[in-house]
Structure formats: C-alpha cells, structure tokens
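S.K.: Sharing final14.cif here; it has mmCIF, C-alpha atoms (C1' of nucleotides).
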```cif
data_start
loop_
_atom_site.label_atom_id
_atom_site.label_comp_id
_atom_site.auth_asym_id
_atom_site.auth_seq_id
_atom_site.Cartn_x
_atom_site.Cartn_y
_atom_site.Cartn_z
CA MET L 66 86.82 94.89 137.50
CA LYS L 67 87.56 92.62 134.56
CA ILE L 68 90.04 94.03 132.05
CA ALA L 69 90.82 92.14 128.84
CA SER L 70 93.36 92.56 126.04
CA PHE L 71 92.66 91.19 122.56
CA ASN L 72 94.59 91.60 119.29
CA ILE L 73 91.63 91.26 116.95
CA ASN L 74 93.57 91.43 113.64
CA GLY L 75 91.10 93.71 111.86
CA ILE L 76 87.90 95.15 113.31
CA LYS L 77 85.99 94.71 110.07
CA ALA L 78 86.85 91.03 109.67
CA ARG L 79 86.53 90.23 113.37
CA LEU L 80 83.31 92.03 114.32
CA PRO L 81 81.06 88.93 114.73
CA ALA L 82 83.70 87.00 116.71
CA LEU L 83 84.44 90.04 118.86
CA MET L 84 80.76 90.65 119.65
CA ASP L 85 80.22 87.00 120.62
CA TRP L 86 83.23 87.07 122.93
CA LEU L 87 82.17 90.37 124.54
CA ASP L 88 78.70 88.95 125.22
CA GLU L 89 80.01 85.93 127.08
CA ALA L 90 83.21 87.29 128.66
CA GLN L 91 81.58 90.56 129.74
CA PRO L 92 84.78 92.52 130.37
CA ASP L 93 84.40 95.92 131.99
CA VAL L 94 87.30 97.13 129.87
CA ALA L 95 88.56 95.71 126.55
CA ILE L 96 91.95 96.79 125.21
CA LEU L 97 92.07 96.11 121.47
CA GLN L 98 95.02 95.98 119.07
CA GLU L 99 95.31 95.82 115.29
CA ILE L 100 91.96 97.40 114.55
CA LYS L 101 93.41 98.11 111.05
CA SER L 102 90.99 100.99 110.65
CA ILE L 103 90.91 104.74 110.72
CA ASP L 104 88.93 106.24 113.60
CA GLU L 105 86.08 107.31 111.30
CA ASN L 106 85.49 103.74 110.12
CA PHE L 107 85.53 102.09 113.56
CA PRO L 108 81.99 100.77 114.27
CA ARG L 109 81.73 102.51 117.62
CA GLU L 110 77.93 102.44 117.68
CA VAL L 111 77.68 98.66 117.97
CA PHE L 112 79.79 98.81 121.12
CA GLU L 113 77.98 101.83 122.50
CA ASP L 114 74.75 99.86 122.07
CA LYS L 115 76.25 97.28 124.45
CA GLY L 116 77.00 99.99 127.01
CA TYR L 117 80.66 100.61 126.20
CA ASN L 118 82.41 103.92 125.95
CA VAL L 119 84.76 103.85 122.95
CA GLU L 120 88.10 105.56 122.31
CA THR L 121 90.20 104.75 119.26
CA HIS L 122 93.63 105.57 117.90
CA GLY L 123 93.57 104.21 114.38
CA GLN L 124 95.36 104.47 111.06
CA LYS L 125 94.67 103.25 107.55
CA SER L 126 95.17 99.51 106.90
CA PHE L 127 97.61 98.72 109.69
CA ASN L 128 98.07 98.82 113.45
CA GLY L 129 95.53 100.83 115.44
CA VAL L 130 94.42 100.43 119.07
CA ALA L 131 91.16 101.03 120.91
CA LEU L 132 89.65 101.02 124.38
CA LEU L 133 86.14 99.88 125.27
CA SER L 134 84.91 100.56 128.80
CA LYS L 135 81.63 100.34 130.66
CA LEU L 136 82.95 103.04 132.99
CA PRO L 137 83.88 106.45 131.57
CA LEU L 138 87.32 106.74 129.92
CA GLU L 139 88.95 109.83 131.37
CA ASP L 140 92.03 111.85 130.37
CA VAL L 141 92.50 109.96 127.09
CA THR L 142 95.87 110.37 125.37
CA ARG L 143 96.95 108.90 122.03
CA GLY L 144 100.43 107.90 120.95
CA LEU L 145 103.52 106.83 122.88
CA PRO L 146 105.55 109.85 124.03
CA GLY L 147 109.14 110.29 122.94
CA ASP L 148 109.05 110.60 119.14
CA ASP L 149 106.86 113.21 117.48
CA ALA L 150 107.78 111.80 114.06
CA ASP L 151 106.29 108.36 114.87
CA GLU L 152 103.10 108.04 112.82
CA GLN L 153 102.23 104.44 113.72
CA ALA L 154 99.09 104.14 115.87
CA ARG L 155 100.17 101.72 118.59
CA TYR L 156 99.40 103.30 121.96
CA ILE L 157 96.49 104.81 123.90
CA GLU L 158 95.97 105.68 127.57
CA ALA L 159 92.91 106.44 129.66
CA THR L 160 91.89 106.40 133.31
CA VAL L 161 89.00 104.28 134.58
CA VAL L 162 87.58 105.03 138.01
CA GLY L 163 85.87 102.23 139.94
CA ASP L 164 86.67 101.62 143.60
CA HIS L 165 90.16 102.76 142.59
CA ALA L 166 91.38 104.90 139.72
CA VAL L 167 93.44 102.80 137.30
CA ARG L 168 95.45 104.23 134.42
CA ILE L 169 95.02 101.88 131.44
CA CYS L 170 97.80 101.85 128.81
CA GLY L 171 96.88 99.89 125.69
CA LEU L 172 99.76 99.00 123.38
CA TYR L 173 100.64 97.20 120.17
CA LEU L 174 104.41 96.79 120.32
CA PRO L 175 106.18 96.56 116.94
CA ASN L 176 106.91 93.09 115.58
CA GLY L 177 110.47 94.03 114.60
CA ASN L 178 111.21 91.45 111.91
CA PRO L 179 113.38 91.07 109.97
CA VAL L 180 116.46 91.13 112.20
CA PRO L 181 118.63 93.07 111.73
CA GLY L 182 117.09 96.06 110.01
CA PRO L 183 115.15 99.29 110.43
CA LYS L 184 112.06 97.51 111.72
CA TYR L 185 114.05 95.92 114.50
CA ASP L 186 115.69 99.24 115.34
CA TYR L 187 112.21 100.76 115.55
CA LYS L 188 111.05 97.99 117.90
CA LEU L 189 113.94 98.49 120.31
CA ALA L 190 113.59 102.28 120.22
CA TRP L 191 109.84 101.91 120.88
CA MET L 192 110.57 99.73 123.89
CA LYS L 193 112.93 102.38 125.27
CA ARG L 194 110.13 104.91 124.96
CA LEU L 195 107.74 102.51 126.69
CA GLN L 196 110.25 102.10 129.52
CA ALA L 197 110.47 105.88 129.89
CA ARG L 198 106.68 106.13 130.05
CA ALA L 199 106.56 103.36 132.69
CA GLU L 200 109.16 105.24 134.74
CA GLU L 201 107.04 108.39 134.58
CA LEU L 202 103.90 106.57 135.68
CA LEU L 203 105.71 104.69 138.45
CA ALA L 204 106.79 107.97 139.98
CA ALA L 205 103.15 108.71 140.78
CA GLU L 206 102.88 105.53 142.90
CA GLU L 207 99.35 104.88 141.72
CA PRO L 208 97.65 101.90 140.05
CA PHE L 209 98.39 101.56 136.35
CA LEU L 210 98.71 98.76 133.85
CA MET L 211 100.32 98.38 130.43
CA ALA L 212 98.57 95.71 128.41
CA GLY L 213 98.43 94.47 124.87
CA ASP L 214 100.32 92.64 122.17
CA TYR L 215 103.95 93.01 123.26
CA ASN L 216 105.34 90.84 120.46
CA ILE L 217 107.72 89.44 123.07
CA ILE L 218 108.17 85.80 124.10
CA PRO L 219 109.50 86.36 127.63
CA GLN L 220 110.90 82.88 128.31
CA PRO L 221 111.51 79.59 126.44
CA GLU L 222 108.52 78.05 128.21
CA ASP L 223 106.33 80.67 126.56
CA ALA L 224 106.81 79.00 123.16
CA ALA L 225 105.90 75.48 122.08
CA ARG L 226 109.04 75.36 119.91
CA PRO L 227 111.49 77.89 121.36
CA GLN L 228 114.25 76.68 119.05
CA ASP L 229 112.24 78.03 116.10
CA TRP L 230 112.37 81.58 117.52
CA VAL L 231 116.00 82.11 118.52
CA GLU L 232 116.73 84.44 115.59
CA ASP L 233 113.29 86.08 115.61
CA ALA L 234 112.60 89.63 116.78
CA LEU L 235 110.05 88.26 119.27
CA PHE L 236 112.69 86.24 121.12
CA ARG L 237 116.09 87.78 120.31
CA PRO L 238 118.24 88.47 123.39
CA GLU L 239 118.05 92.23 122.76
CA SER L 240 114.25 92.07 122.69
CA ARG L 241 114.02 90.08 125.90
CA GLU L 242 116.56 92.33 127.57
CA ALA L 243 114.46 95.38 126.75
CA TRP L 244 111.39 93.57 128.13
CA ARG L 245 113.23 92.66 131.34
CA LYS L 246 114.37 96.25 131.81
CA ILE L 247 110.74 97.33 131.82
CA VAL L 248 109.56 94.52 134.10
CA ASN L 249 112.50 95.09 136.44
CA LEU L 250 111.42 98.64 137.10
CA GLY L 251 109.07 96.92 139.52
CA LEU L 252 106.16 95.80 137.35
CA THR L 253 104.31 92.52 137.80
CA GLU L 254 103.61 90.30 134.78
CA ALA L 255 100.08 89.27 135.71
CA PHE L 256 99.83 85.86 134.05
CA ARG L 257 102.99 84.32 135.51
CA ALA L 258 102.18 85.87 138.88
CA ARG L 259 99.21 83.53 139.01
CA ASN L 260 99.92 80.63 136.67
CA GLN L 261 103.05 78.47 136.28
CA ALA L 262 101.50 75.90 133.95
CA PRO L 263 103.37 74.94 130.77
CA GLU L 264 101.95 75.32 127.25
CA GLN L 265 100.04 78.54 127.91
CA TYR L 266 99.89 80.56 124.69
CA SER L 267 98.04 83.59 123.34
CA PHE L 268 98.95 83.35 119.63
CA TRP L 269 98.88 80.56 117.07
CA ASP L 270 99.95 81.27 113.49
CA PHE L 271 97.33 80.84 110.77
CA GLN L 272 99.84 78.72 108.83
CA ARG L 273 100.99 75.11 109.03
CA GLY L 274 98.17 74.04 111.31
CA ALA L 275 99.77 75.79 114.27
CA TRP L 276 96.51 75.79 116.26
CA GLN L 277 95.79 72.12 115.60
CA ARG L 278 99.33 71.23 116.72
CA ASN L 279 99.23 73.69 119.66
CA ASP L 280 102.35 75.32 118.22
CA GLY L 281 101.76 78.62 120.00
CA ILE L 282 103.57 81.48 121.71
CA ARG L 283 102.62 83.73 124.63
CA ILE L 284 103.11 87.33 123.53
CA ASP L 285 100.07 89.20 124.93
CA HIS L 286 100.79 90.49 128.41
CA PHE L 287 99.65 92.64 131.33
CA LEU L 288 102.30 94.54 133.28
CA LEU L 289 101.01 95.99 136.56
CA SER L 290 102.38 98.73 138.79
CA PRO L 291 102.89 97.69 142.43
CA GLU L 292 99.73 99.52 143.45
CA CYS L 293 97.82 97.72 140.68
CA ALA L 294 99.39 94.31 141.39
CA ASP L 295 98.07 94.55 144.95
CA LEU L 296 94.55 94.53 143.45
CA LEU L 297 95.13 91.48 141.19
CA THR L 298 92.84 88.52 141.89
CA ASP L 299 92.95 86.56 138.62
CA CYS L 300 94.52 86.33 135.15
CA GLN L 301 93.48 83.93 132.42
CA ILE L 302 93.67 83.25 128.69
CA ASP L 303 90.48 82.60 126.71
CA LYS L 304 92.17 79.92 124.61
CA GLU L 305 89.02 78.35 123.18
CA VAL L 306 88.29 81.50 121.16
CA ARG L 307 91.06 80.45 118.74
CA GLY L 308 89.11 77.39 117.63
CA ARG L 309 85.99 79.26 116.56
CA GLU L 310 84.66 80.51 113.23
CA LYS L 311 86.89 83.10 111.53
CA PRO L 312 89.18 83.65 114.52
CA SER L 313 91.98 86.14 115.07
CA ASP L 314 95.42 84.57 115.38
CA HIS L 315 95.51 85.94 118.96
CA VAL L 316 93.11 85.15 121.80
CA PRO L 317 91.94 87.38 124.68
CA VAL L 318 93.93 87.59 127.91
CA TRP L 319 92.19 89.09 130.93
CA ILE L 320 92.76 90.08 134.54
CA GLU L 321 90.42 90.61 137.45
CA LEU L 322 91.21 93.54 139.75
CA ALA L 323 89.65 94.33 143.13
CA ALA L 324 89.07 97.79 141.78
"C1'" DA X 31 115.31 78.88 100.30
"C1'" DT X 32 110.40 79.01 99.80
"C1'" DG X 33 105.70 78.79 101.03
"C1'" DA X 34 102.04 77.76 103.90
"C1'" DC X 35 97.53 81.73 105.92
"C1'" DA X 36 94.95 85.93 106.64
"C1'" DA X 37 93.74 90.98 106.22
"C1'" DT X 38 93.98 95.34 103.73
"C1'" DC X 39 93.50 98.20 99.73
"C1'" DA X 40 91.95 97.84 95.59
"C1'" DG X 41 89.93 95.77 92.20
"C1'" DA X 42 95.71 92.12 90.87
"C1'" DG X 43 98.96 91.36 93.58
"C1'" DA X 44 102.03 93.65 96.85
"C1'" DT X 45 102.55 94.52 101.77
"C1'" DT X 46 102.32 93.33 106.47
"C1'" DG X 47 102.18 90.32 110.12
"C1'" DA X 48 104.77 86.74 113.76
#
```
If you convert what's in this file into structure tokens, what do you get?
M.R.:
Amino acid sequence: MKIASFNINGIKARLPALMDWLDEAQPDVAILQEIKSIDENFPREVFEDKGYNVETHGQKSFNGVALLSKLPLEDVTRGLPGDDADEQARYIEATVVGDHAVRICGLYLPNGNPVPGPKYDYKLAWMKRLQARAEELLAAEEPFLMAGDYNIIPQPEDAARPQDWVEDALFRPESREAWRKIVNLGLTEAFRARNQAPEQYSFWDFQRGAWQRNDGIRIDHFLLSPECADLLTDCQIDKEVRGREKPSDHVPVWIELAA
DNA sequence: ATGACAATCAGAGATTGA
C-alpha cells in the first residue's frame, strides 16, 4: 500500500499539478494539507472519478486537510483532541483496511512564527496534544501513522542552511524537543529509517530562488507506530515535482507498506 | 531592517505562510 503526504498550498490553485502527480504516482492513499478551502468547495468529484474516496476537514482561506483513498475510509474523525476551542482545521483521522488495518492520522502542524508569541505558544500546545493522541493510539498496539506537514526541521542535516533557522519556530530547541518527545514514545520516522543521504528536502521557499539553489528544508514527515514500522518497505520524496509548472512549495513524500 | 514569492478574499491591499 502506497501512502503519500502532500502539502498542496491551495486545492484551487494546485488542482492540475495534483491531478498529474496522482496519475503518475498512483498512491493508494493521499494525505493532503493546506487545502485552503471549505468542505463544500473541495472538488471531490474529480477525485472520485479517479476512484478515490474523499474526506475533508476544511476552513475558509487557510489550513484544511483531506484524505483521498482507493480503499474505504472508515471511522473518520476531524480535529485534534484536547482543545474544544481550537477552530483551526489541521487534523483528520481514518482507518484503511487492506491486508492490515492502518489508522491514518493526517496533520498540518502550526508554523509557530514569530517566536516568541501567541502563535508559537499555540504550536507547542498543539504538539502536546499530538503527543497525547499518539500515546492513546500506542496503547492499542496496532498499526497507525501520523503524517503531514510537521513544520519541524528535526536535525541540522535536514536544512541546506541550518544557521538561517536557529531562531525560527521550525528549528527552535523547544520545537525540536517537542518533536523528540513524540518520536521517543516509540515511533519510527520513516524517511531516516531508510535513507541517510544528505540534502534531502521536502520544502523550498518560493522566494530568493530557493529551489534553483537547492536551499530547502525537510519538514514533511511520517511517524509510524511499531506495528506499522514493521510493515515499512520504502520511503521516498518526489523532489522533481517542485520544478514543474505552478508548483506547491512542498513536494510529496510517500511510504510503501506491506499492508 | 526590509523585501523577495505565492495564495486567499475580494475586488486593493492586508494576512498568512516558512
């Protein structure tokens, strides 16, 4: 089963690029972030015509996540537990049943800039809630994954110019500590489990010719439960997508599971 | 210190992103 994550930066603006990528990459499941659309305006029919089931958790203008799946999406829940007052659409869960049942958690973790400030406080609080959700799911001892745009640069080697990010919410010590606390619950970061190569990025800023200079960062991740990590057979980044017509600033990351 | 770039909503320019 091929499961991909892609921050598309606007479903309306990215529809042609997204359709082209789906046609060639043929993921069984696509976890999308930043649809920037309310549910009613998401073009679900064009994906259903390709054989995908569609579940969205959108909001007006900003954020918004979605799941596309060739297998049925079961027990869908929207929103990250732990704060009923949180109105930002950044989290969706569903179960996909192939050879194994896998709980899919799609997330768009807050950016958190500027630091310090309320946006950074919100990021760290959101990560605590994500940790709590991971602890709940781990207790079941079943396959699950949390994937999406984490807005976290885990290590210096995950940035072309780490010195540029030391004061940034994506790389601050508090951010990376919160990330490590989640990983250290016993989750496997899929990409580094299979690839130690340098200069592997998933985001290049639109500005200053970042793509042309390969000035990127790796901030889109898959975290796998032990039972899910045992099924992992591959993890790759579709880097070339960034060089196409009207691209997102992120590119797809995908895993292959023996599921 | 600022702006560079893109998307959204709205119908200009502010807001957000990373």
S.K.: Select residues of chain X: the criterion is any atom within 7 Å of an atom of chain L, counting only C-alpha atoms (C1' of nucleotides); output as a list in words.
M.R.: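 For chain X, the answer reads DA34, DC35, DA36, DA37, DT38 and DA48 of chain X.
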S.K.: Could you state which residues are captured by the PyMOL selection byres ((chain L and resi 90-99) around 6) in this file, as number ranges by chain?
M.R.: L: 67-72, 74-75, 86-89, 100-101, 128-135, 171, 173
S.K.: One decimal, in Å: what's the spacing between CA of Arg278 in chain L and CA of Gly308 in chain L?
M.R.: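 According to the coordinates, CA of Arg278 in chain L and CA of Gly308 in chain L are separated by 12.0 Å.
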S.K.: Selection in question (the file shown): the PyMOL selection byres ((chain L and resi 197) around 12). Which residues does it include, as JSON, numbers by chain?
M.R.: {"L": [145, 146, 147, 148, 190, 191, 192, 193, 194, 195, 196, 198, 199, 200, 201, 202, 203, 204, 243, 246, 247, 250]}
S.K.: Around all listed atoms of range 36-45 of chain X, padded 6 Å per side, what centre and edge lengths does the axis-aligned box have in Å to one decimal, as lines of an AutoDock Vina configuration file?
M.R.:
```
center_x = 96.2
center_y = 92.1
center_z = 98.8
size_x = 24.6
size_y = 24.3
size_z = 27.8
```
S.K.: If we count all atoms listed in the file and set the cut-off at 12 Å, which residues sit around Pro263 in chain L, ignoring sequence neighbours fewer than 5 positions away in its own chain? Please answer as a VMD selection string.
M.R.: chain L and resid 220 to 225 256 to 257 279 281 to 283
S.K.: List every protein, DNA or RNA residue that has an atom no more than 6 Å from (111.6, 87.7, 122.8) in the file's coordinate frame, counting only C-alpha atoms (C1' of nucleotides), and report them as a list in words.
M.R.: Ile217, Ile218, Pro219, Leu235, Phe236, Arg237, Ser240 and Arg241 of chain L
S.K.: What is the distance, in Å and to one decimal place, between CA of Asn118 in chain L and CA of Leu172 in chain L?
M.R.: 18.2 Å
S.K.: Evaluate the PyMOL selection byres ((chain L and resi 139) around 8) here and jot the selected residues down as a list in words.
M.R.: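 Selected by the PyMOL selection byres ((chain L and resi 139) around 8) in this file: Pro137, Leu138, Asp140, Val141, Ala159, Thr160 and Val161 of chain L.
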S.K.: For Leu322 in chain L, which residue out of L:Ala258, L:Leu174, L:Ala212, L:Ala294 is the nearest one, using all atoms listed in the file?
M.R.: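 Of L:Ala258, L:Leu174, L:Ala212, L:Ala294, the one nearest Leu322 in chain L, counting all atoms listed in the file, is L:Ala294.
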S.K.: Separation of CA of Leu83 in chain L and CA of Glu158 in chain L, in Å?
M.R.: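 Computing the Euclidean distance for CA of Leu83 in chain L and CA of Glu158 in chain L yields 21.3 Å.
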